[in-house]
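Pasted below: my_file06.cif, mmCIF, C-alpha atoms.
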data_work
loop_
_atom_site.label_atom_id
_atom_site.label_comp_id
_atom_site.auth_asym_id
_atom_site.auth_seq_id
_atom_site.Cartn_x
_atom_site.Cartn_y
_atom_site.Cartn_z
CA MET A 1 247.46 184.34 48.84
CA LEU A 2 250.12 182.95 46.51
CA ARG A 3 252.23 180.25 48.11
CA SER A 4 255.32 178.26 47.27
CA ALA A 5 254.79 174.50 47.19
CA ARG A 6 258.44 174.00 48.03
CA ALA A 7 258.28 176.26 51.09
CA LEU A 8 255.35 174.31 52.56
CA VAL A 9 257.13 170.95 52.50
CA GLY A 10 257.91 169.96 56.06
CA TYR A 11 255.13 172.04 57.62
CA GLU A 12 253.48 170.36 60.58
CA VAL A 13 249.97 169.14 59.77
CA ARG A 14 247.61 169.43 62.74
CA GLY A 15 244.21 167.88 63.24
CA GLU A 16 241.53 169.21 65.55
CA ASP A 17 243.07 167.29 68.44
CA GLY A 18 246.80 167.39 67.79
CA GLU A 19 249.61 166.71 65.34
CA VAL A 20 248.97 164.39 62.40
CA GLY A 21 252.34 164.53 60.66
CA ARG A 22 254.34 166.58 58.17
CA LEU A 23 253.58 167.75 54.65
CA GLU A 24 255.59 165.66 52.21
CA GLU A 25 254.41 166.97 48.82
CA LEU A 26 251.39 168.12 46.82
CA TYR A 27 249.51 166.27 44.09
CA PHE A 28 248.17 168.49 41.31
CA ASP A 29 246.08 167.99 38.19
CA ASP A 30 248.02 168.89 35.03
CA GLU A 31 244.88 169.40 32.93
CA LEU A 32 242.94 171.75 35.17
CA TRP A 33 246.04 172.94 37.08
CA THR A 34 244.55 172.54 40.54
CA ILE A 35 246.05 171.15 43.75
CA ARG A 36 244.05 167.99 44.47
CA TYR A 37 245.77 166.61 47.57
CA LEU A 38 248.27 167.30 50.30
CA VAL A 39 250.41 164.21 50.90
CA VAL A 40 251.12 163.90 54.61
CA ARG A 41 253.68 161.65 56.28
CA ALA A 42 251.88 160.75 59.49
CA GLY A 43 253.59 160.50 62.85
CA SER A 44 254.05 157.37 64.97
CA ARG A 45 250.55 157.61 66.40
CA LEU A 46 249.24 156.86 62.90
CA PHE A 47 252.01 154.32 62.19
CA GLY A 48 253.92 156.56 59.79
CA ARG A 49 251.35 156.16 57.03
CA ARG A 50 251.30 158.42 54.00
CA LEU A 51 247.92 160.10 53.81
CA LEU A 52 246.00 162.06 51.20
CA VAL A 53 244.27 165.19 52.46
CA SER A 54 242.02 167.26 50.23
CA PRO A 55 242.40 171.06 50.39
CA GLU A 56 238.73 171.01 51.43
CA ALA A 57 239.91 169.82 54.86
CA VAL A 58 242.39 172.70 55.34
CA LEU A 59 241.20 175.36 57.78
CA ALA A 60 244.29 177.56 57.76
CA ILE A 61 248.00 177.74 56.99
CA ASP A 62 249.95 179.31 59.85
CA ASP A 63 253.32 180.64 58.67
CA HIS A 64 254.30 181.79 62.16
CA GLU A 65 254.19 178.22 63.46
CA ASP A 66 254.93 176.49 60.12
CA ALA A 67 251.70 174.54 60.46
CA ILE A 68 248.68 173.52 58.43
CA ARG A 69 245.46 173.12 60.42
CA LEU A 70 242.81 170.61 59.36
CA GLY A 71 239.16 170.29 60.26
CA LEU A 72 239.65 166.56 60.90
CA GLY A 73 240.29 164.56 64.06
CA ARG A 74 243.20 162.16 64.37
CA ASP A 75 240.94 159.18 65.05
CA GLN A 76 238.98 159.98 61.91
CA ILE A 77 242.20 160.20 59.91
CA GLY A 78 243.56 157.02 61.48
CA ALA A 79 240.46 155.06 60.47
CA SER A 80 240.62 156.22 56.85
CA PRO A 81 240.99 153.54 54.13
CA GLU A 82 244.49 152.54 53.05
CA ILE A 83 245.41 153.89 49.62
CA ASP A 84 248.40 153.19 47.38
CA LEU A 85 250.02 156.56 46.72
CA ASP A 86 252.26 155.41 43.88
CA LEU A 87 251.16 157.48 40.89
CA PRO A 88 248.89 157.12 39.03
CA VAL A 89 246.47 156.73 41.94
CA SER A 90 243.53 154.43 41.21
CA ARG A 91 240.31 156.34 40.64
CA GLN A 92 238.45 153.58 42.46
CA ALA A 93 240.69 154.02 45.52
CA GLU A 94 240.25 157.81 45.32
CA ALA A 95 236.47 157.42 45.19
CA ILE A 96 236.45 155.20 48.30
CA TYR A 97 238.77 157.58 50.13
CA ARG A 98 236.76 160.68 49.22
CA ARG A 99 233.50 158.98 50.11
CA TYR A 100 234.89 158.20 53.57
CA TYR A 101 235.56 161.90 54.23
CA GLY A 102 232.48 163.18 52.42
CA TRP A 103 234.53 165.03 49.80
CA PRO A 104 232.93 165.35 46.35
CA VAL A 105 234.36 163.34 43.47
CA TYR A 106 236.02 166.13 41.49
CA TRP A 107 236.13 164.31 38.15
CA ALA A 108 232.35 163.82 38.05
CA GLU A 109 231.05 167.19 39.23
CA PRO A 110 232.32 170.74 39.81
CA PRO A 111 234.72 170.62 42.78
CA VAL A 112 234.17 172.68 45.90
CA ILE A 113 237.72 174.03 45.73
CA GLY A 114 238.15 176.06 42.57
CA ALA A 115 234.50 175.51 41.67
CA HIS A 116 234.83 177.91 38.75
CA VAL A 117 237.06 175.36 37.03
CA PRO A 118 235.05 172.88 34.93
CA ALA A 119 235.42 169.26 35.96
CA ARG A 120 237.08 166.94 33.44
CA PRO A 121 234.37 164.94 31.64
CA ALA A 122 234.42 161.19 32.20
CA ILE A 123 235.62 159.32 29.13
CA ASN A 124 235.05 155.61 28.83
CA PRO A 125 235.93 154.31 25.35
CA ARG A 126 234.08 151.20 24.29
CA GLY A 127 235.74 148.15 25.77
CA ALA A 128 237.94 150.16 28.17
CA PRO A 129 237.85 149.54 31.93
CA PRO A 130 235.45 151.79 33.87
CA ALA A 131 237.00 155.19 34.56
CA GLU A 132 236.90 154.64 38.32
CA GLU A 133 239.23 151.63 37.97
CA LEU A 134 241.89 153.53 36.05
CA GLY A 135 244.70 155.54 37.53
CA ASP A 136 244.63 159.26 36.78
CA PRO A 137 247.63 160.05 34.52
CA HIS A 138 247.02 163.77 35.09
CA LEU A 139 247.72 163.60 38.84
CA ARG A 140 251.30 164.78 39.34
CA SER A 141 253.67 165.08 42.29
CA SER A 142 255.07 168.53 43.08
CA THR A 143 258.26 166.92 44.39
CA GLU A 144 258.75 164.83 41.25
CA VAL A 145 258.10 167.71 38.86
CA THR A 146 260.56 169.95 40.72
CA GLY A 147 263.78 169.53 38.77
CA TYR A 148 262.10 168.65 35.46
CA ARG A 149 263.75 170.21 32.40
CA VAL A 150 261.72 172.90 30.65
CA GLU A 151 262.01 172.85 26.86
CA GLY A 152 260.93 175.78 24.72
CA ALA A 153 260.19 175.85 21.00
CA ASP A 154 263.81 176.74 20.24
CA GLY A 155 265.72 174.92 22.96
CA PRO A 156 266.11 174.44 26.71
CA ILE A 157 264.81 177.14 29.04
CA GLY A 158 265.92 175.72 32.39
CA HIS A 159 264.52 173.48 35.11
CA VAL A 160 261.52 173.70 37.44
CA GLU A 161 262.47 175.10 40.83
CA ASP A 162 259.08 175.64 42.44
CA LEU A 163 255.31 175.80 41.94
CA LEU A 164 253.17 178.74 43.02
CA PHE A 165 249.52 178.27 43.93
CA ASP A 166 246.70 180.29 45.48
CA ASP A 167 245.62 178.93 48.87
CA THR A 168 242.11 180.34 48.36
CA ASP A 169 241.07 178.21 45.39
CA TRP A 170 244.18 175.97 45.26
CA LYS A 171 244.79 176.78 41.61
CA LEU A 172 248.35 176.61 40.26
CA HIS A 173 249.41 180.05 39.03
CA ALA A 174 252.99 179.56 37.92
CA PHE A 175 256.00 177.31 37.55
CA VAL A 176 259.18 178.98 38.73
CA VAL A 177 261.99 178.09 36.33
CA ASP A 178 265.70 178.47 37.01
CA THR A 179 267.30 179.39 33.67
CA GLY A 180 270.84 178.55 34.80
CA GLY A 181 272.81 175.82 33.12
CA SER A 182 272.74 173.58 36.20
CA ARG A 183 271.60 173.49 39.79
CA LEU A 184 275.17 174.27 40.85
CA TRP A 185 275.13 177.45 38.76
CA PRO A 186 271.66 178.97 39.13
CA GLY A 187 270.56 181.63 36.68
CA PRO A 188 267.77 184.21 36.56
CA ARG A 189 264.33 182.93 37.52
CA VAL A 190 261.37 183.22 35.18
CA VAL A 191 257.76 182.18 35.69
CA ILE A 192 255.72 180.16 33.23
CA SER A 193 251.94 180.03 33.32
CA PRO A 194 250.56 176.47 33.54
CA GLU A 195 248.21 177.29 30.64
CA SER A 196 251.23 177.76 28.37
CA ILE A 197 252.46 174.19 28.99
CA SER A 198 251.76 171.77 26.16
CA LYS A 199 253.04 168.57 27.79
CA VAL A 200 254.38 167.16 31.04
CA SER A 201 256.42 164.07 30.27
CA THR A 202 257.26 161.66 33.07
CA ARG A 203 259.16 159.45 30.63
CA ASP A 204 261.94 161.98 30.08
CA SER A 205 261.30 164.33 33.04
CA THR A 206 260.52 167.26 30.76
CA ILE A 207 257.94 170.04 30.56
CA ARG A 208 257.39 171.43 27.09
CA VAL A 209 256.10 174.89 26.22
CA PRO A 210 255.43 176.18 22.67
CA LEU A 211 257.28 179.42 23.38
CA ALA A 212 260.66 180.73 22.28
CA ARG A 213 263.17 181.27 25.08
CA SER A 214 263.09 185.01 24.43
CA GLU A 215 259.34 185.01 25.10
CA VAL A 216 259.90 183.85 28.68
CA GLY A 217 263.02 185.93 29.26
CA ALA A 218 265.37 182.93 29.13
CA GLY A 219 268.31 182.03 27.01
CA ALA A 220 270.34 185.20 27.50
CA GLY A 221 274.03 184.49 27.40
CA ARG A 222 273.63 180.89 26.25
#

Target encoding structure tokens, full file:
Amino acid sequence: MLRSARALVGYEVRGEDGEVGRLEELYFDDELWTIRYLVVRAGSRLFGRRLLVSPEAVLAIDDHEDAIRLGLGRDQIGASPEIDLDLPVSRQAEAIYRRYYGWPVYWAEPPVIGAHVPARPAINPRGAPPAEELGDPHLRSSTEVTGYRVEGADGPIGHVEDLLFDDTDWKLHAFVVDTGGSRLWPGPRVVISPESISKVSTRDSTIRVPLARSEVGAGAGR
């Protein structure tokens, strides 16, 4: 089922024995276009920590109760290693975290979620730090990317309004782009396939696509 990342923000996240917290955002891989983690703001019982949860731990998403159910207990979650969630997240910290839960290391072998997607090969240039010590520059925040400008081959297309993903394999299917001139004056929405994106730039908050505005149905009336 296709889902809106934006619509899920704020959903209650429930463990096997009660509430864990609320969904804050999603972290996705901008090379393989897969949701890697749910970022959960834990409740007071877990001291308000921000937690990473792999989609592998999700049992169901209940839209009637605005809840995400996990196959994890709160004590198990509470005893998980601390991890710095400022991007890029250290690969070493990710490895420790995933080992704790028994989740496979997705960058070294085909992942369980979206297993048809090839894992990114490990690259360790001579003299560079081991890959596990580096942060992953391809791990992106759905909240941060929302609002990024989208630039086409012949000019601006609009700004990112939402991300759509499949909750079966957790693959990103589309970026929803508002083609209006500003957020105060929204325009028609168009969707852009992640595979058509050539670059996601944090430096200038821009997503670039090698397509003319007419090719994505944008630019009319500009």

Any chance you could resolve the PyMOL selection byres ((chain A and resi 45-56) around 9) against this file and give the residues as a PyMOL selection string?
-> chain A and resi 20-21+24+27+35-44+57-59+70-71+74-75+77-78+80+82-85+97-98+103+112-113+167+169-170

Just how far from CA of Gly147 in chain A is CA of Tyr11 in chain A, in Å to one decimal?
->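 Separation of CA of Tyr11 in chain A and CA of Gly147 in chain A: 20.9 Å.
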
Which value, in Å to one decimal, gives the distance between CA of Val9 in chain A and CA of Arg22 in chain A?
->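 One can read the CA of Val9 in chain A to CA of Arg22 in chain A distance as 7.7 Å.
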
Find the spatial neighbours of range 163-165 of chain A, counting all atoms listed in the file, within a cut-off of 10 Å - ignore same-chain residues fewer than 3 positions away - and output them as a ChimeraX atom specification.
-> /A:1-7,26,33-35,142-143,145-146,160,168-177,191-194

Have a look at CA of Gln92 in chain A and CA of Asp29 in chain A and let me know their distance in Å, one decimal.
->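 For CA of Gln92 in chain A relative to CA of Asp29 in chain A, the distance reads 16.9 Å.
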
Missing atoms in range 72-98 of chain A: fill them in up to N, CA and C atoms and send the result as a compact mmCIF listing (two decimals), keeping the file's coordinate frame.
# COMPACT_ATOMS: atom_id res chain seq x y z
N LEU A 72 239.82 168.00 60.75
CA LEU A 72 239.65 166.56 60.90
C LEU A 72 240.28 166.12 62.22
N GLY A 73 239.71 165.13 62.85
CA GLY A 73 240.29 164.56 64.06
C GLY A 73 241.26 163.45 63.74
N ARG A 74 242.20 163.19 64.64
CA ARG A 74 243.20 162.16 64.37
C ARG A 74 242.59 160.77 64.30
N ASP A 75 241.58 160.49 65.12
CA ASP A 75 240.94 159.18 65.05
C ASP A 75 240.25 158.99 63.71
N GLN A 76 239.63 160.05 63.21
CA GLN A 76 238.98 159.98 61.91
C GLN A 76 240.01 159.71 60.81
N ILE A 77 241.14 160.40 60.90
CA ILE A 77 242.20 160.20 59.91
C ILE A 77 242.78 158.80 60.03
N GLY A 78 242.98 158.34 61.26
CA GLY A 78 243.56 157.02 61.48
C GLY A 78 242.70 155.89 60.98
N ALA A 79 241.38 156.10 60.93
CA ALA A 79 240.46 155.06 60.47
C ALA A 79 240.19 155.15 58.97
N SER A 80 240.86 156.06 58.29
CA SER A 80 240.62 156.22 56.85
C SER A 80 241.14 155.01 56.09
N PRO A 81 240.56 154.71 54.92
CA PRO A 81 240.99 153.54 54.13
C PRO A 81 242.45 153.67 53.69
N GLU A 82 243.13 152.54 53.60
CA GLU A 82 244.49 152.54 53.05
C GLU A 82 244.41 152.86 51.56
N ILE A 83 245.39 153.57 51.05
CA ILE A 83 245.41 153.89 49.62
C ILE A 83 246.85 153.88 49.13
N ASP A 84 247.07 153.25 47.98
CA ASP A 84 248.40 153.19 47.38
C ASP A 84 248.69 154.53 46.73
N LEU A 85 249.73 155.22 47.21
CA LEU A 85 250.02 156.56 46.72
C LEU A 85 251.05 156.58 45.60
N ASP A 86 251.40 155.41 45.06
CA ASP A 86 252.26 155.41 43.88
C ASP A 86 251.42 155.90 42.70
N LEU A 87 251.91 156.94 42.01
CA LEU A 87 251.16 157.48 40.89
C LEU A 87 251.23 156.55 39.68
N PRO A 88 250.17 156.44 38.86
CA PRO A 88 248.89 157.12 39.03
C PRO A 88 248.03 156.44 40.10
N VAL A 89 247.34 157.25 40.88
CA VAL A 89 246.47 156.73 41.94
C VAL A 89 245.18 156.20 41.31
N SER A 90 244.76 155.03 41.73
CA SER A 90 243.53 154.43 41.21
C SER A 90 242.33 155.32 41.49
N ARG A 91 241.52 155.56 40.48
CA ARG A 91 240.31 156.34 40.64
C ARG A 91 239.35 155.65 41.62
N GLN A 92 239.33 154.33 41.56
CA GLN A 92 238.45 153.58 42.46
C GLN A 92 238.86 153.82 43.91
N ALA A 93 240.19 153.78 44.17
CA ALA A 93 240.69 154.02 45.52
C ALA A 93 240.39 155.46 45.94
N GLU A 94 240.58 156.41 45.01
CA GLU A 94 240.25 157.81 45.32
C GLU A 94 238.79 157.96 45.70
N ALA A 95 237.90 157.30 44.94
CA ALA A 95 236.47 157.42 45.19
C ALA A 95 236.11 156.91 46.58
N ILE A 96 236.70 155.78 46.97
CA ILE A 96 236.45 155.20 48.30
C ILE A 96 236.96 156.16 49.38
N TYR A 97 238.14 156.68 49.17
CA TYR A 97 238.77 157.58 50.13
C TYR A 97 237.95 158.85 50.29
N ARG A 98 237.52 159.43 49.17
CA ARG A 98 236.76 160.68 49.22
C ARG A 98 235.38 160.45 49.82
